file start-v3.txt (compact mmCIF, C-alpha atoms and all ligand atoms)
# COMPACT_ATOMS: atom_id res chain seq x y z
CA MET A 1 102.22 90.91 53.02
CA VAL A 2 98.54 90.52 53.89
CA GLU A 3 97.52 88.32 56.84
CA GLN A 4 95.55 85.67 55.00
CA ARG A 5 93.70 84.29 58.00
CA ARG A 6 92.13 87.58 59.02
CA THR A 7 88.45 87.28 59.87
CA ILE A 8 85.76 89.30 58.12
CA LYS A 9 86.49 92.96 58.67
CA LYS A 10 84.60 94.71 61.44
CA LYS A 11 83.07 98.14 60.91
CA ASP A 12 85.59 99.63 63.37
CA GLY A 13 88.42 97.87 61.57
CA HIS A 14 89.06 95.43 64.43
CA ARG A 15 90.17 91.96 63.33
CA VAL A 16 91.10 88.91 65.37
CA PRO A 17 92.62 85.48 64.81
CA PRO A 18 90.10 82.61 64.66
CA ASP A 19 91.54 80.35 67.32
CA ALA A 20 89.97 81.26 70.67
CA LYS A 21 90.35 78.44 73.21
CA ASP A 22 87.65 76.88 75.36
CA LEU A 23 87.66 77.79 79.02
CA ALA A 24 87.10 75.41 81.93
CA ALA A 25 83.48 74.72 83.02
CA PRO A 26 82.22 77.11 85.72
CA PRO A 27 81.72 75.81 89.30
CA GLU A 28 78.23 75.03 90.66
CA ILE A 29 76.38 78.22 91.69
CA PRO A 30 72.91 78.62 93.32
CA ARG A 31 70.17 79.21 90.74
CA SER A 32 69.17 82.73 91.91
CA ALA A 33 72.77 83.96 91.64
CA ARG A 34 73.31 81.96 88.47
CA ASP A 35 70.53 83.80 86.62
CA LYS A 36 72.30 87.12 87.17
CA LEU A 37 75.62 85.89 85.75
CA LYS A 38 76.68 86.35 82.17
CA LYS A 39 76.18 83.30 80.03
CA MET A 40 78.34 81.50 77.51
CA GLY A 41 77.27 78.59 75.36
CA VAL A 42 77.97 76.78 72.10
CA VAL A 43 74.87 76.00 70.06
CA ALA A 44 75.09 73.66 67.06
CA LEU A 45 72.57 74.28 64.27
CA VAL A 46 72.02 70.92 62.59
CA GLY A 47 69.37 69.43 60.34
CA ARG A 48 68.60 68.16 56.89
CA PRO A 49 69.89 70.03 53.84
CA ASN A 50 67.85 73.12 52.96
CA ALA A 51 66.06 73.31 56.34
CA GLY A 52 67.17 76.93 56.81
CA LYS A 53 70.13 76.61 59.24
CA SER A 54 72.26 79.26 57.53
CA THR A 55 69.29 81.60 57.04
CA LEU A 56 68.60 81.30 60.77
CA LEU A 57 72.22 82.03 61.72
CA ASN A 58 72.25 85.16 59.55
CA ARG A 59 68.92 86.24 61.01
CA ILE A 60 70.12 85.77 64.61
CA LEU A 61 73.30 87.76 63.98
CA GLY A 62 71.58 90.40 61.85
CA GLN A 63 74.28 90.03 59.23
CA LYS A 64 75.43 87.58 56.63
CA VAL A 65 77.98 85.07 57.80
CA SER A 66 76.87 81.92 56.02
CA ILE A 67 75.82 81.56 52.40
CA VAL A 68 72.25 80.56 51.55
CA SER A 69 70.64 79.03 48.47
CA PRO A 70 67.54 77.07 47.46
CA LYS A 71 69.81 74.10 46.57
CA PRO A 72 70.52 71.41 49.16
CA GLN A 73 74.10 70.97 50.49
CA THR A 74 74.95 74.65 50.27
CA THR A 75 76.99 74.72 53.49
CA ARG A 76 80.01 72.42 53.30
CA ASN A 77 81.95 73.43 56.43
CA ARG A 78 81.42 74.48 59.98
CA ILE A 79 80.75 78.21 60.13
CA VAL A 80 81.02 79.90 63.52
CA GLY A 81 78.70 82.86 64.16
CA ILE A 82 78.99 84.75 67.46
CA LEU A 83 76.12 86.54 69.17
CA ASN A 84 77.26 89.08 71.77
CA GLU A 85 74.74 90.61 74.14
CA PRO A 86 74.94 92.22 77.58
CA ARG A 87 73.60 88.93 78.99
CA GLY A 88 76.40 86.87 77.46
CA GLN A 89 77.78 85.22 74.36
CA ILE A 90 76.49 82.39 72.21
CA ALA A 91 78.71 80.78 69.58
CA PHE A 92 76.54 79.19 66.90
CA LEU A 93 77.95 76.40 64.73
CA ASP A 94 76.28 76.33 61.33
CA THR A 95 76.81 72.91 59.79
CA PRO A 96 76.24 71.06 56.51
CA GLY A 97 72.89 69.33 56.08
CA ILE A 98 72.64 65.79 57.45
CA HIS A 99 72.81 63.33 54.54
CA LYS A 100 74.27 59.98 53.56
CA PRO A 101 77.72 60.70 52.10
CA LEU A 102 78.53 59.48 48.58
CA HIS A 103 81.85 61.25 48.00
CA ARG A 104 84.87 62.12 50.15
CA LEU A 105 83.59 65.71 50.16
CA ASN A 106 80.36 64.52 51.77
CA VAL A 107 82.18 62.37 54.32
CA ARG A 108 84.07 65.48 55.40
CA MET A 109 80.81 67.43 55.52
CA MET A 110 79.28 64.84 57.84
CA ASP A 111 82.46 64.90 59.97
CA HIS A 112 81.76 68.61 60.55
CA VAL A 113 78.24 67.72 61.67
CA ARG A 114 79.44 65.03 64.10
CA SER A 115 82.19 67.14 65.64
CA SER A 116 79.73 70.01 66.13
CA LEU A 117 77.22 67.68 67.80
CA ALA A 118 79.91 66.45 70.15
CA GLU A 119 81.14 69.93 71.12
CA ALA A 120 77.88 71.79 71.58
CA ASP A 121 76.22 72.66 74.89
CA VAL A 122 72.92 72.81 73.04
CA VAL A 123 72.03 71.07 69.80
CA ALA A 124 69.28 72.73 67.79
CA LEU A 125 67.72 70.49 65.15
CA ILE A 126 66.31 72.72 62.41
CA VAL A 127 63.38 71.17 60.58
CA ASP A 128 61.67 72.37 57.40
CA ALA A 129 58.11 72.26 58.71
CA THR A 130 56.65 72.36 55.20
CA GLU A 131 58.22 68.99 54.26
CA LEU A 132 56.49 65.72 55.05
CA PHE A 133 58.21 63.82 57.85
CA GLY A 134 60.30 61.11 56.23
CA LYS A 135 63.29 58.78 56.42
CA GLY A 136 65.76 61.67 56.32
CA ASP A 137 64.14 63.14 59.45
CA GLU A 138 64.33 59.79 61.22
CA TYR A 139 67.99 59.55 60.29
CA ALA A 140 68.65 63.04 61.71
CA ILE A 141 66.82 62.21 64.95
CA GLU A 142 68.77 58.97 65.36
CA LEU A 143 72.02 60.84 64.87
CA LEU A 144 71.07 63.21 67.68
CA ARG A 145 70.01 60.35 69.90
CA ASP A 146 73.42 58.71 69.55
CA VAL A 147 75.83 61.58 69.74
CA VAL A 148 74.52 64.49 71.74
CA LYS A 149 75.55 65.03 75.36
CA GLY A 150 74.03 68.49 75.89
CA LYS A 151 70.44 69.77 75.64
CA ARG A 152 68.42 69.30 72.49
CA ILE A 153 65.94 71.72 70.96
CA ALA A 154 63.80 71.15 67.86
CA ILE A 155 63.25 74.27 65.74
CA LEU A 156 60.36 74.00 63.30
CA ASN A 157 61.25 76.47 60.56
CA LYS A 158 59.43 78.05 57.60
CA ILE A 159 56.15 78.50 59.48
CA ASP A 160 55.48 81.50 57.22
CA LEU A 161 54.66 78.90 54.53
CA LEU A 162 52.68 76.56 56.79
CA LYS A 163 48.91 76.31 57.32
CA LYS A 164 48.30 76.73 61.07
CA HIS A 165 46.56 73.36 61.52
CA LYS A 166 49.66 71.53 60.26
CA LEU A 167 51.92 72.82 63.01
CA LEU A 168 50.39 71.04 66.00
CA PRO A 169 50.78 67.47 64.65
CA LEU A 170 54.42 68.21 63.84
CA ILE A 171 55.07 69.54 67.35
CA GLN A 172 53.42 66.36 68.63
CA ARG A 173 55.63 64.16 66.50
CA TYR A 174 58.87 65.76 67.71
CA SER A 175 57.57 65.76 71.26
CA GLU A 176 56.87 62.00 71.06
CA THR A 177 60.51 61.25 70.30
CA GLY A 178 61.19 62.14 73.95
CA LEU A 179 64.43 63.69 72.80
CA PHE A 180 63.85 67.41 72.92
CA ASP A 181 63.83 69.77 75.91
CA ASP A 182 61.95 72.39 73.85
CA ILE A 183 60.21 72.64 70.48
CA VAL A 184 60.14 76.10 68.93
CA PRO A 185 58.30 77.16 65.75
CA ILE A 186 59.98 79.98 63.82
CA SER A 187 60.38 81.62 60.46
CA ALA A 188 64.05 82.34 59.80
CA SER A 189 62.97 84.34 56.74
CA ASN A 190 60.70 86.86 58.43
CA GLY A 191 62.05 86.53 61.98
CA ASP A 192 58.86 85.22 63.64
CA GLY A 193 59.75 83.41 66.86
CA VAL A 194 63.48 84.11 66.54
CA GLN A 195 63.70 86.51 69.50
CA GLU A 196 61.87 83.96 71.65
CA LEU A 197 64.36 81.33 70.48
CA ILE A 198 67.34 83.51 71.44
CA ASP A 199 65.78 84.16 74.88
CA LEU A 200 65.29 80.43 75.37
CA LEU A 201 68.90 79.71 74.40
CA PHE A 202 70.25 82.28 76.86
CA LYS A 203 68.11 80.66 79.58
CA THR A 204 69.35 77.21 78.63
CA ILE A 205 73.11 77.82 78.59
CA ALA A 206 75.31 78.04 81.69
CA PRO A 207 77.17 81.03 83.15
CA GLY A 208 80.60 81.54 81.72
CA GLU A 209 83.12 83.93 80.26
CA PRO A 210 83.06 84.65 76.54
CA ILE A 211 85.43 82.46 74.55
CA TYR A 212 85.59 84.87 71.60
CA PRO A 213 86.32 88.62 71.62
CA ARG A 214 83.06 90.48 72.25
CA GLU A 215 83.43 92.64 69.11
CA ASP A 216 83.45 89.62 66.83
CA PHE A 217 80.58 88.05 64.95
CA THR A 218 82.45 85.23 63.22
CA THR A 219 85.76 83.39 63.11
CA GLN A 220 85.49 83.10 59.35
CA PRO A 221 88.49 84.44 57.45
CA GLU A 222 87.80 87.01 54.73
CA ARG A 223 89.51 84.87 52.16
CA PHE A 224 87.27 81.87 52.82
CA PHE A 225 84.16 84.05 52.92
CA ALA A 226 85.02 85.59 49.55
CA ALA A 227 85.19 82.10 48.00
CA GLU A 228 81.87 81.24 49.62
CA ILE A 229 80.13 84.33 48.25
CA VAL A 230 81.28 83.44 44.72
CA ARG A 231 80.04 79.87 45.25
CA GLU A 232 76.69 81.21 46.47
CA LYS A 233 76.21 83.13 43.24
CA VAL A 234 77.07 80.01 41.22
CA LEU A 235 74.48 78.05 43.23
CA GLN A 236 71.88 80.73 42.75
CA HIS A 237 72.27 80.91 38.98
CA THR A 238 72.97 77.34 37.88
CA ALA A 239 70.82 74.21 37.91
CA ASP A 240 70.96 70.41 37.86
CA GLU A 241 74.22 68.86 39.04
CA LEU A 242 76.29 72.06 38.80
CA PRO A 243 75.77 73.15 42.42
CA TYR A 244 77.15 69.84 43.71
CA THR A 245 80.09 69.77 41.33
CA THR A 246 81.32 73.35 41.83
CA ALA A 247 84.06 74.49 44.17
CA VAL A 248 85.67 77.91 44.52
CA SER A 249 89.16 78.74 45.69
CA VAL A 250 90.78 82.12 46.20
CA ASP A 251 94.21 81.94 44.61
CA ARG A 252 95.52 85.43 45.32
CA TRP A 253 94.49 88.28 47.62
CA GLU A 254 96.11 91.67 47.32
CA GLU A 255 95.26 94.74 49.34
CA ASP A 256 96.04 98.34 48.59
CA GLU A 257 95.22 100.13 51.83
CA GLU A 258 95.81 103.60 50.42
CA LYS A 259 93.25 103.05 47.69
CA ASN A 260 91.02 100.97 49.99
CA LEU A 261 91.03 98.33 47.26
CA ILE A 262 91.12 94.55 47.55
CA LYS A 263 92.06 92.49 44.50
CA ILE A 264 90.75 88.94 44.66
CA TYR A 265 91.74 86.28 42.12
CA ALA A 266 89.54 83.19 42.36
CA THR A 267 88.91 79.98 40.43
CA ILE A 268 85.54 78.29 39.98
CA PHE A 269 86.17 74.55 39.59
CA VAL A 270 83.80 72.19 37.83
CA GLU A 271 84.17 68.44 37.32
CA ARG A 272 83.81 68.11 33.57
CA GLU A 273 84.75 70.05 30.45
CA SER A 274 81.06 70.05 29.43
CA GLN A 275 80.17 72.02 32.59
CA LYS A 276 82.52 74.90 31.83
CA PRO A 277 80.33 76.59 29.20
CA ILE A 278 77.37 76.52 31.64
CA VAL A 279 79.29 78.52 34.23
CA ILE A 280 80.84 80.82 31.64
CA GLY A 281 77.62 81.37 29.66
CA LYS A 282 77.05 82.85 26.22
CA ARG A 283 79.56 85.64 25.58
CA ALA A 284 80.67 85.07 29.21
CA ASP A 285 77.29 86.42 30.42
CA MET A 286 77.00 84.00 33.32
CA VAL A 287 80.45 84.38 34.79
CA LYS A 288 80.14 88.16 34.48
CA ARG A 289 76.85 88.09 36.36
CA ILE A 290 78.32 85.84 39.07
CA GLY A 291 81.33 88.16 39.32
CA THR A 292 79.31 91.37 39.51
CA GLU A 293 76.91 90.09 42.16
CA ALA A 294 79.74 88.66 44.26
CA ARG A 295 81.77 91.86 43.97
CA VAL A 296 78.91 94.13 45.02
CA GLU A 297 78.20 91.98 48.07
CA LEU A 298 81.86 91.66 49.04
CA GLU A 299 82.35 95.42 48.78
CA SER A 300 79.56 96.03 51.24
CA ILE A 301 80.76 93.35 53.68
CA LEU A 302 84.49 94.04 53.47
CA GLY A 303 84.03 97.81 53.46
CA ALA A 304 86.44 98.28 50.56
CA ARG A 305 86.38 98.48 46.79
CA VAL A 306 86.83 95.03 45.32
CA PHE A 307 88.36 93.92 42.06
CA LEU A 308 87.27 90.33 41.46
CA ASP A 309 88.96 88.20 38.81
CA LEU A 310 87.18 84.89 38.13
CA HIS A 311 88.64 81.98 36.22
CA VAL A 312 86.78 78.74 35.41
CA ALA A 313 88.72 75.45 35.45
CA VAL A 314 88.07 71.70 35.33
CA HIS A 315 89.23 69.45 38.14
CA GLU A 316 87.97 65.94 37.45
CA ARG A 317 86.63 64.07 40.48
CA TRP A 318 87.66 66.86 42.85
CA ARG A 319 85.05 65.64 45.34
CA GLU A 320 87.22 62.56 45.91
CA ASP A 321 90.54 64.43 46.08
CA GLU A 322 91.46 64.71 49.77
CA ARG A 323 94.37 67.03 49.11
CA PHE A 324 92.23 69.44 47.11
CA LEU A 325 89.46 69.26 49.72
CA GLY A 326 92.01 70.15 52.39
CA GLU A 327 93.22 73.09 50.32
CA LEU A 328 89.68 74.41 50.01
CA GLU A 329 89.33 74.35 53.79
CA TRP A 330 92.78 75.56 54.81
CA PRO A 331 91.78 79.12 55.75
CA LEU A 332 89.37 77.63 58.29
CA SER A 333 91.82 75.24 59.94
N1 LIG A 401 59.80 80.68 53.25
C1 LIG A 401 60.90 80.44 53.97
N2 LIG A 401 62.02 80.06 53.35
C2 LIG A 401 63.11 79.83 54.13
C3 LIG A 401 63.10 79.98 55.53
N3 LIG A 401 64.32 79.68 56.00
C4 LIG A 401 65.08 79.37 54.93
N4 LIG A 401 64.36 79.45 53.80
C5 LIG A 401 64.82 79.17 52.42
O1 LIG A 401 65.22 77.80 52.37
C6 LIG A 401 66.33 77.65 51.47
C7 LIG A 401 67.47 76.97 52.19
O2 LIG A 401 67.98 77.84 53.17
P1 LIG A 401 69.44 77.65 53.80
O3 LIG A 401 69.55 78.60 54.93
O4 LIG A 401 70.48 77.68 52.74
O5 LIG A 401 69.29 76.16 54.35
P2 LIG A 401 70.40 75.25 55.06
O6 LIG A 401 69.71 74.42 56.07
O7 LIG A 401 71.51 76.10 55.55
O8 LIG A 401 70.86 74.35 53.84
P3 LIG A 401 72.24 73.50 53.65
O9 LIG A 401 73.37 74.43 53.89
O10 LIG A 401 72.15 73.08 52.23
O11 LIG A 401 72.18 72.36 54.60
C8 LIG A 401 66.67 79.05 50.97
O12 LIG A 401 66.04 79.24 49.72
C9 LIG A 401 66.06 79.96 52.03
O13 LIG A 401 65.70 81.23 51.53
C10 LIG A 401 61.87 80.40 56.15
O14 LIG A 401 61.73 80.57 57.36
N5 LIG A 401 60.81 80.59 55.32
MG MG A 402 73.53 76.09 55.10

call {"tool": "encode", "arguments": {"input": "start-v3.txt", "output": "structure tokens", "more": "lines below"}}
Ligand SMILES: Nc1nc2c(ncn2[C@@H]2O[C@H](COP(=O)(O)OP(=O)(O)OP(=O)(O)O)[C@@H](O)[C@H]2O)c(=O)[nH]1
Ligand SMILES: [Mg+2]
result
Amino acid sequence: MVEQRRTIKKKDGHRVPPDAKDLAAPPEIPRSARDKLKKMGVVALVGRPNAGKSTLLNRILGQKVSIVSPKPQTTRNRIVGILNEPRGQIAFLDTPGIHKPLHRLNVRMMDHVRSSLAEADVVALIVDATELFGKGDEYAIELLRDVVKGKRIAILNKIDLLKKHKLLPLIQRYSETGLFDDIVPISASNGDGVQELIDLLFKTIAPGEPIYPREDFTTQPERFFAAEIVREKVLQHTADELPYTTAVSVDRWEEDEEKNLIKIYATIFVERESQKPIVIGKRADMVKRIGTEARVELESILGARVFLDLHVAVHERWREDERFLGELEWPLS
């Protein structure tokens, strides 16, 4: 019987359960001594949909933990990514984009945002610097004003796309809110400013023991990640309302250690019968393409050969179905 909650396989084969417990806060220590101690902190990555939170997490860790797509509302859960360095450990919480919820799914997504804001030592608001400042940004700032206890940092992302003269006014605007301890311009795509950001975060967090095993880079179970990778390929290849109305569940997971083979049976759910042919495609072209791309990526991340069986099914109004939503999340809970 395969342990279904196992986290994504490490290169050395080490795997751990996802439920590390918080430790008590460290006692007060003089600053000079404090700077020499190892650090531990929880950093929440929050912001509007599509700002680049998941891209930044993957960039910081140097490996893919969270799926990315050009469509808003890609991330639907809280994804924990762990950075281990000789100077300490930072647990990053990647979260869904801040938005006004219309369905039960979206209410749950915003619950993940709020709980992450409440738990973090540092909240990093990721902003798409190429977008005009608007109501959605005000909403995000107000949310941070209300909920956050720890430090706040504004990260202005996508500067690779930005004309230089547009950056200063944006820095000014975030500075005027009086809310942020630091404002950091970066490009999550090409890595500009990311090392400086990591250095700043290590300076900002307090001394403490790691709360996760040092060899780990995520708490995310393989089974959940496999479903996410399939969903990412659906998001990347479909348009219009499909990305919002698609869910993926892994129904069966079988491992043959001798053959180093993992068999994954998954279902792609859509909301209406009319959406099925879009995901399946002409002569099943689309679902084959989704399957091949997901398999290739999973093979490289799981370090095993993968057989991926995809099935497409209709589940009407699944975004309102609490039981189904809970089932989608169970490997994370
Ligand atoms: N040019 C450029 N594109 C970026 C950068 N960061 C992210 N992107 C792109 O922006 C899009 C959204 O990126 P994600 O990382 O999925 O954004 P997110 O904030 O996690 O989005 P949600 O999960 O939907 O809230 C993708 O197409 C990324 O490739 C960047 O620094 N520069
Ligand atoms: Mg995301």

call {"tool": "residues_near_ligand", "arguments": {"input": "start-v3.txt", "ligand": "ligand MG 402 (chain A)", "cutoff": "6 Å", "atoms": "all atoms listed in the file", "output": "list in words"}}
result
Lys53, Ser54, Val68, Thr74, Thr75 and Pro96 of chain A

call {"tool": "atom_distance", "arguments": {"input": "start-v3.txt", "atom1": "CA of Asn260 in chain A", "atom2": "CA of Arg305 in chain A"}}
result
6.2 Å

call {"tool": "closest_residue", "arguments": {"input": "start-v3.txt", "among": "A:Leu200, A:Ala247, A:Ile98, A:Val306", "to": "Val122 in chain A", "atoms": "all atoms listed in the file"}}
result
A:Leu200

call {"tool": "closest_residue", "arguments": {"input": "start-v3.txt", "among": "A:Ser116, A:Gln220, A:Asn58, A:Gln73", "to": "ligand LIG 401 (chain A)", "atoms": "only C-alpha atoms and all ligand atoms"}}
result
A:Gln73

call {"tool": "residues_around", "arguments": {"input": "start-v3.txt", "residues": "range 221-230 of chain A", "least_positions_apart": "2", "cutoff": "6 Å", "atoms": "all atoms listed in the file", "output": "PyMOL selection string"}}
result
chain A and resi 5-8+232-233+248-250+294

call {"tool": "atom_distance", "arguments": {"input": "start-v3.txt", "atom1": "CA of Ile262 in chain A", "atom2": "CA of Val65 in chain A"}}
result
19.2 Å

call {"tool": "residues_near_ligand", "arguments": {"input": "start-v3.txt", "ligand": "ligand LIG 401 (chain A)", "cutoff": "8 Å", "atoms": "only C-alpha atoms and all ligand atoms", "output": "NGL selection string"}}
result
:A and (46-56 or 66-76 or 94-98 or 126 or 128 or 157-161 or 186-191)

call {"tool": "atom_distance", "arguments": {"input": "start-v3.txt", "atom1": "CA of Asp182 in chain A", "atom2": "CA of Arg214 in chain A"}}
result
27.8 Å

call {"tool": "axis_aligned_box", "arguments": {"input": "start-v3.txt", "around": "range 205-216 of chain A", "padding_each_side": "5 Å", "output": "JSON"}}
result
{"center_x": 79.7, "center_y": 85.2, "center_z": 75.0, "size_x": 23.2, "size_y": 24.8, "size_z": 26.3}

call {"tool": "residues_around", "arguments": {"input": "start-v3.txt", "residues": "Gln89 in chain A", "least_positions_apart": "4", "cutoff": "10 Å", "atoms": "only C-alpha atoms", "output": "ChimeraX atom specification"}}
result
/A:38-42,82-85,202,205,207-214

call {"tool": "write_last_selection", "arguments": {"input": "start-v3.txt", "atoms": "C-alpha atoms", "output": "tab-separated table (two decimals), in the frame of the given file"}}
result
chain	number	residue	atom	x	y	z
A	38	LYS	CA	76.68	86.35	82.17
A	39	LYS	CA	76.18	83.30	80.03
A	40	MET	CA	78.34	81.50	77.51
A	41	GLY	CA	77.27	78.59	75.36
A	42	VAL	CA	77.97	76.78	72.10
A	82	ILE	CA	78.99	84.75	67.46
A	83	LEU	CA	76.12	86.54	69.17
A	84	ASN	CA	77.26	89.08	71.77
A	85	GLU	CA	74.74	90.61	74.14
A	202	PHE	CA	70.25	82.28	76.86
A	205	ILE	CA	73.11	77.82	78.59
A	207	PRO	CA	77.17	81.03	83.15
A	208	GLY	CA	80.60	81.54	81.72
A	209	GLU	CA	83.12	83.93	80.26
A	210	PRO	CA	83.06	84.65	76.54
A	211	ILE	CA	85.43	82.46	74.55
A	212	TYR	CA	85.59	84.87	71.60
A	213	PRO	CA	86.32	88.62	71.62
A	214	ARG	CA	83.06	90.48	72.25

call {"tool": "residues_around", "arguments": {"input": "start-v3.txt", "residues": "Ile280 in chain A", "least_positions_apart": "4", "cutoff": "12 Å", "atoms": "all atoms listed in the file", "output": "PyMOL selection string"}}
result
chain A and resi 234+237-238+267-270+273-276+284-291+310-313

call {"tool": "write_last_selection", "arguments": {"input": "start-v3.txt", "atoms": "C-alpha atoms", "output": "CSV table (one decimal), keeping the file's coordinate frame"}}
result
chain,number,residue,atom,x,y,z
A,234,VAL,CA,77.1,80.0,41.2
A,237,HIS,CA,72.3,80.9,39.0
A,238,THR,CA,73.0,77.3,37.9
A,267,THR,CA,88.9,80.0,40.4
A,268,ILE,CA,85.5,78.3,40.0
A,269,PHE,CA,86.2,74.6,39.6
A,270,VAL,CA,83.8,72.2,37.8
A,273,GLU,CA,84.8,70.0,30.4
A,274,SER,CA,81.1,70.0,29.4
A,275,GLN,CA,80.2,72.0,32.6
A,276,LYS,CA,82.5,74.9,31.8
A,284,ALA,CA,80.7,85.1,29.2
A,285,ASP,CA,77.3,86.4,30.4
A,286,MET,CA,77.0,84.0,33.3
A,287,VAL,CA,80.4,84.4,34.8
A,288,LYS,CA,80.1,88.2,34.5
A,289,ARG,CA,76.8,88.1,36.4
A,290,ILE,CA,78.3,85.8,39.1
A,291,GLY,CA,81.3,88.2,39.3
A,310,LEU,CA,87.2,84.9,38.1
A,311,HIS,CA,88.6,82.0,36.2
A,312,VAL,CA,86.8,78.7,35.4
A,313,ALA,CA,88.7,75.4,35.4
